[in-house]
$ cat model.cif   # mmCIF, C-alpha atoms
data_work
#
loop_
_atom_site.label_atom_id
_atom_site.label_comp_id
_atom_site.auth_asym_id
_atom_site.auth_seq_id
_atom_site.Cartn_x
_atom_site.Cartn_y
_atom_site.Cartn_z
CA MET A 1 10.11 10.69 24.40
CA ALA A 2 9.96 12.80 21.27
CA ILE A 3 11.30 11.49 18.00
CA ASN A 4 13.50 14.00 16.20
CA GLN A 5 13.87 14.63 12.47
CA LYS A 6 16.97 12.43 12.20
CA GLN A 7 15.07 9.45 13.62
CA TRP A 8 12.14 10.04 11.22
CA THR A 9 14.63 10.24 8.36
CA ASN A 10 16.29 6.98 9.42
CA LEU A 11 12.89 5.26 9.70
CA PHE A 12 11.98 6.55 6.25
CA ARG A 13 15.25 5.26 4.77
CA PHE A 14 14.72 1.82 6.30
CA CYS A 15 11.13 1.70 5.03
CA LEU A 16 12.25 2.84 1.59
CA GLY A 17 14.70 -0.07 1.47
CA VAL A 18 11.98 -2.55 2.46
CA PHE A 19 9.61 -0.96 -0.05
CA LEU A 20 12.09 -1.12 -2.94
CA GLY A 21 13.19 -4.69 -2.19
CA THR A 22 9.70 -6.11 -1.89
CA ALA A 23 8.38 -4.07 -4.83
CA PHE A 24 11.14 -5.49 -7.03
CA CYS A 25 10.33 -9.06 -5.96
CA MET A 26 6.59 -8.61 -6.48
CA LYS A 27 7.04 -6.98 -9.89
CA TRP A 28 9.28 -9.86 -10.93
CA MET A 29 6.61 -12.38 -9.91
CA GLU A 30 3.87 -10.49 -11.76
CA SER A 31 5.28 -11.48 -15.15
CA ASP A 32 3.99 -15.02 -14.47
CA PHE A 33 0.39 -13.90 -13.81
CA VAL A 34 -1.59 -15.44 -16.68
CA SER A 35 -5.16 -16.73 -16.55
CA GLN A 36 -6.98 -18.20 -19.55
CA GLY A 37 -4.08 -17.15 -21.76
CA GLN A 38 -4.35 -13.48 -20.73
CA PRO A 39 -2.04 -11.61 -18.36
CA PHE A 40 -3.58 -10.03 -15.26
CA THR A 41 -2.29 -7.63 -12.64
CA ILE A 42 -2.67 -7.17 -8.92
CA ILE A 43 -3.79 -3.58 -9.55
CA GLY A 44 -6.54 -4.97 -11.79
CA LEU A 45 -7.64 -7.34 -9.03
CA GLU A 46 -7.60 -4.46 -6.56
CA ILE A 47 -9.34 -1.76 -8.52
CA SER A 48 -10.72 -2.36 -11.96
CA TYR A 49 -11.75 -5.97 -12.59
CA PRO A 50 -15.46 -6.79 -12.19
CA ALA A 51 -16.57 -9.70 -10.01
CA GLU A 52 -16.96 -12.03 -13.01
CA LYS A 53 -13.38 -11.47 -14.14
CA ILE A 54 -12.00 -11.91 -10.60
CA THR A 55 -13.95 -15.17 -10.29
CA ALA A 56 -12.68 -16.37 -13.69
CA ILE A 57 -9.09 -15.53 -12.77
CA MET A 58 -9.32 -17.19 -9.37
CA SER A 59 -10.89 -20.34 -10.83
CA ASP A 60 -8.11 -20.73 -13.44
CA LEU A 61 -5.04 -20.26 -11.27
CA ILE A 62 -3.58 -23.74 -11.10
CA PRO A 63 -0.39 -22.76 -12.99
CA VAL A 64 0.18 -19.51 -11.07
CA TYR A 65 -1.55 -20.35 -7.78
CA THR A 66 1.69 -20.63 -5.80
CA ILE A 67 3.24 -17.52 -7.34
CA LEU A 68 0.16 -15.40 -6.62
CA GLY A 69 0.15 -16.67 -3.03
CA TYR A 70 3.83 -15.73 -2.67
CA HIS A 71 3.06 -12.31 -4.13
CA LEU A 72 0.26 -11.72 -1.63
CA TYR A 73 2.47 -12.78 1.29
CA PHE A 74 5.29 -10.56 -0.02
CA ASP A 75 2.75 -7.75 0.00
CA PHE A 76 2.56 -8.01 3.80
CA ALA A 77 6.31 -7.26 3.95
CA PHE A 78 5.79 -4.50 1.37
CA MET A 79 3.24 -2.91 3.72
CA VAL A 80 5.91 -2.70 6.44
CA GLY A 81 7.88 -0.47 4.11
CA VAL A 82 5.02 1.58 2.70
CA TYR A 83 2.79 2.73 5.55
CA PRO A 84 5.40 3.50 8.23
CA GLY A 85 7.50 5.07 5.45
CA ILE A 86 4.68 7.39 4.40
CA ALA A 87 3.99 8.21 8.06
CA ALA A 88 7.68 9.07 8.53
CA LEU A 89 7.56 11.21 5.38
CA CYS A 90 4.53 13.07 6.80
CA MET A 91 6.35 13.64 10.09
CA MET A 92 9.48 14.85 8.28
CA ALA A 93 7.32 17.31 6.34
CA ALA A 94 5.48 18.42 9.50
CA GLY A 95 8.89 19.15 11.01
CA ARG A 96 9.42 21.77 8.30
CA LEU A 97 6.33 23.70 9.40
CA ASN A 98 6.14 25.79 12.57
CA LYS A 99 2.40 25.59 13.15
CA GLY A 100 -0.93 25.73 11.40
CA GLY A 101 -3.47 23.62 9.63
CA LEU A 102 -1.07 22.00 7.18
CA ARG A 103 1.17 20.81 10.01
CA ASN A 104 -1.85 19.35 11.82
CA GLY A 105 -3.05 17.83 8.56
CA LEU A 106 0.30 16.10 8.14
CA PHE A 107 0.03 14.68 11.67
CA ILE A 108 -3.43 13.37 10.78
CA LEU A 109 -2.18 11.90 7.48
CA ALA A 110 0.65 10.20 9.37
CA ALA A 111 -1.82 8.67 11.84
CA LEU A 112 -4.19 7.66 9.03
CA GLN A 113 -1.49 5.42 7.58
CA LEU A 114 -2.52 2.90 10.26
CA LEU A 115 -6.01 2.84 8.73
CA GLY A 116 -4.52 2.51 5.25
CA TRP A 117 -2.41 -0.39 6.48
CA ALA A 118 -5.48 -2.06 8.01
CA CYS A 119 -7.33 -1.63 4.71
CA ASP A 120 -4.43 -3.23 2.84
CA ILE A 121 -4.41 -6.16 5.26
CA TYR A 122 -8.16 -6.63 4.71
CA GLU A 123 -7.62 -6.50 0.94
CA ASN A 124 -4.93 -9.19 1.07
CA LYS A 125 -7.10 -11.30 3.38
CA CYS A 126 -9.92 -11.18 0.82
CA LEU A 127 -7.61 -12.05 -2.07
CA LEU A 128 -6.08 -14.95 -0.13
CA GLU A 129 -9.55 -16.27 0.75
CA TRP A 130 -10.62 -16.07 -2.90
CA LEU A 131 -7.38 -17.76 -3.92
CA ASN A 132 -8.14 -20.60 -1.52
CA GLY A 133 -11.61 -21.11 -2.99
CA ARG A 134 -13.69 -19.39 -0.34
CA VAL A 135 -16.70 -17.46 -1.55
CA ALA A 136 -15.99 -13.81 -2.24
CA GLY A 137 -17.60 -11.47 0.23
CA ASP A 138 -19.18 -8.17 -0.65
CA LEU A 139 -17.17 -6.98 -3.64
CA SER A 140 -18.41 -3.40 -3.29
CA LEU A 141 -17.06 -3.29 0.30
CA TYR A 142 -13.78 -4.74 -0.94
CA HIS A 143 -13.47 -2.05 -3.63
CA TRP A 144 -14.32 0.71 -1.13
CA VAL A 145 -11.63 -0.54 1.25
CA VAL A 146 -9.11 -0.58 -1.60
CA ARG A 147 -10.07 2.97 -2.62
CA ILE A 148 -9.70 4.17 0.98
CA LYS A 149 -6.27 2.53 1.18
CA TRP A 150 -5.08 4.20 -2.01
CA ALA A 151 -6.55 7.60 -1.06
CA ILE A 152 -4.82 7.58 2.33
CA ALA A 153 -1.46 6.39 1.03
CA LEU A 154 -1.36 8.65 -2.03
CA SER A 155 -2.55 11.76 -0.18
CA GLY A 156 0.00 11.22 2.60
CA ALA A 157 2.83 10.68 0.13
CA LEU A 158 1.85 13.52 -2.21
CA VAL A 159 1.25 16.20 0.43
CA SER A 160 4.40 15.36 2.37
CA ILE A 161 6.58 15.23 -0.77
CA LEU A 162 5.24 18.61 -1.90
CA VAL A 163 5.97 20.15 1.51
CA LEU A 164 9.46 18.62 1.56
CA LEU A 165 10.17 19.94 -1.94
CA PHE A 166 8.87 23.48 -1.47
CA ARG A 167 9.36 24.33 2.22
CA LYS A 168 12.68 25.20 3.75
CA LYS A 169 13.57 23.88 7.18
CA PRO A 170 12.51 26.29 9.95
CA LYS A 171 15.32 28.09 11.72
#

$ encode --input "model.cif" --output "structure tokens"
Amino acid sequence: MAINQKQWTNLFRFCLGVFLGTAFCMKWMESDFVSQGQPFTIIGLEISYPAEKITAIMSDLIPVYTILGYHLYFDFAFMVGVYPGIAALCMMAAGRLNKGGLRNGLFILAALQLLGWACDIYENKCLLEWLNGRVAGDLSLYHWVVRIKWAIALSGALVSILVLLFRKKPK
């Protein structure tokens, strides 16, 4: 059974709704993220903070422990909106192309969203383990997984949006 453009569009709209709702909730929670008198961000935990800062944040979370946990669990719902949504966007863009390498690349980017989703699940698993006091694993592996996740998601979204903006529907 082939899925047509209308079904991809409907899936994308549903995922966009999930994405926007969960993103709003998570952003609202982030205003309470303070450790040792300094605000911190999830993006910082994901990408830029060194191991020492992550350890310091995780060891001083008593006031925001519950909120950070809620945020990480909300992120699982957020993923349901993001990765299938980007895959649907890739498929919608591929539908605008008759054939060729870009069309095949969009199919690959759509399929790769499963890997991006798996990377995001691993990332949340690590953060939840650190939040619960378990020893952090290999931080370099963690950062590589996060980079892979971002590269897959951003490339899928960017390429498909550019195709959708600049390619007319085939006749």

$ residues_near_point --input "model.cif" --point "(-8.3, -11.8, -14.3)" --cutoff "6 Å" --atoms "all atoms listed in the file" --output "PyMOL selection string"
chain A and resi 40+53-54+57

$ write_last_selection --input "model.cif" --atoms "C-alpha atoms" --output "compact mmCIF listing (two decimals), in the coordinates of the input"
# COMPACT_ATOMS: atom_id res chain seq x y z
CA PHE A 40 -3.58 -10.03 -15.26
CA LYS A 53 -13.38 -11.47 -14.14
CA ILE A 54 -12.00 -11.91 -10.60
CA ILE A 57 -9.09 -15.53 -12.77

$ atom_distance --input "model.cif" --atom1 "atom CA of A:Leu97" --atom2 "atom CA of A:Gln113"
20.0 Å

$ residues_near_point --input "model.cif" --point "(-14.9, -4.2, -0.9)" --cutoff "12 Å" --atoms "only C-alpha atoms" --output "list in words"
Leu45, Glu46, Ile47, Ser48, Pro50, Ala51, Cys119, Asp120, Tyr122, Glu123, Asn124, Lys125, Cys126, Leu127, Ala136, Gly137, Asp138, Leu139, Ser140, Leu141, Tyr142, His143, Trp144, Val145, Val146, Arg147, Ile148 and Lys149 of chain A

$ write_last_selection --input "model.cif" --atoms "C-alpha atoms" --output "PDB file, in the coordinates of the input"
ATOM      1  CA  LEU A  45      -7.640  -7.340  -9.030  1.00  0.00           C
ATOM      2  CA  GLU A  46      -7.600  -4.460  -6.560  1.00  0.00           C
ATOM      3  CA  ILE A  47      -9.340  -1.760  -8.520  1.00  0.00           C
ATOM      4  CA  SER A  48     -10.720  -2.360 -11.960  1.00  0.00           C
ATOM      5  CA  PRO A  50     -15.460  -6.790 -12.190  1.00  0.00           C
ATOM      6  CA  ALA A  51     -16.570  -9.700 -10.010  1.00  0.00           C
ATOM      7  CA  CYS A 119      -7.330  -1.630   4.710  1.00  0.00           C
ATOM      8  CA  ASP A 120      -4.430  -3.230   2.840  1.00  0.00           C
ATOM      9  CA  TYR A 122      -8.160  -6.630   4.710  1.00  0.00           C
ATOM     10  CA  GLU A 123      -7.620  -6.500   0.940  1.00  0.00           C
ATOM     11  CA  ASN A 124      -4.930  -9.190   1.070  1.00  0.00           C
ATOM     12  CA  LYS A 125      -7.100 -11.300   3.380  1.00  0.00           C
ATOM     13  CA  CYS A 126      -9.920 -11.180   0.820  1.00  0.00           C
ATOM     14  CA  LEU A 127      -7.610 -12.050  -2.070  1.00  0.00           C
ATOM     15  CA  ALA A 136     -15.990 -13.810  -2.240  1.00  0.00           C
ATOM     16  CA  GLY A 137     -17.600 -11.470   0.230  1.00  0.00           C
ATOM     17  CA  ASP A 138     -19.180  -8.170  -0.650  1.00  0.00           C
ATOM     18  CA  LEU A 139     -17.170  -6.980  -3.640  1.00  0.00           C
ATOM     19  CA  SER A 140     -18.410  -3.400  -3.290  1.00  0.00           C
ATOM     20  CA  LEU A 141     -17.060  -3.290   0.300  1.00  0.00           C
ATOM     21  CA  TYR A 142     -13.780  -4.740  -0.940  1.00  0.00           C
ATOM     22  CA  HIS A 143     -13.470  -2.050  -3.630  1.00  0.00           C
ATOM     23  CA  TRP A 144     -14.320   0.710  -1.130  1.00  0.00           C
ATOM     24  CA  VAL A 145     -11.630  -0.540   1.250  1.00  0.00           C
ATOM     25  CA  VAL A 146      -9.110  -0.580  -1.600  1.00  0.00           C
ATOM     26  CA  ARG A 147     -10.070   2.970  -2.620  1.00  0.00           C
ATOM     27  CA  ILE A 148      -9.700   4.170   0.980  1.00  0.00           C
ATOM     28  CA  LYS A 149      -6.270   2.530   1.180  1.00  0.00           C
TER      29      LYS A 149
END

$ residues_around --input "model.cif" --residues "stretch 71-87 of chain A" --least-positions-apart "2" --cutoff "6 Å" --atoms "only C-alpha atoms" --output "ChimeraX atom specification"
/A:12,15,18-19,22,26,68-69,89-90,110,113,157

$ axis_aligned_box --input "model.cif" --around "stretch 15-19 of chain A" --padding-each-side "3 Å" --output "JSON"
{"center_x": 12.2, "center_y": 0.1, "center_z": 2.5, "size_x": 11.1, "size_y": 11.4, "size_z": 11.1}

$ atom_distance --input "model.cif" --atom1 "atom CA of A:Met91" --atom2 "atom CA of A:Leu154"
15.2 Å

$ residues_around --input "model.cif" --residues "A:Trp8" --least-positions-apart "2" --cutoff "8 Å" --atoms "only C-alpha atoms" --output "list in words"
Ile3, Asn4, Gln5, Lys6, Asn10, Leu11, Phe12, Ala88, Leu89, Met91 and Met92 of chain A

$ atom_distance --input "model.cif" --atom1 "atom CA of A:Arg103" --atom2 "atom CA of A:Phe14"
23.6 Å

$ resolve_selection --input "model.cif" --expression "the PyMOL selection byres ((chain A and resi 59) around 10)" --output "list in words"
Ser35, Gln36, Lys53, Ile54, Thr55, Ala56, Ile57, Met58, Asp60, Leu61, Ile62, Tyr65, Trp130, Leu131, Asn132 and Gly133 of chain A

$ closest_residue --input "model.cif" --among "A:Ile43, A:Val163, A:Ile67, A:Leu106" --to "A:Ser31" --atoms "all atoms listed in the file"
A:Ile67

$ closest_residue --input "model.cif" --among "A:Gly17, A:Gly156, A:Gly44, A:Pro39" --to "A:Leu112" --atoms "only C-alpha atoms"
A:Gly156
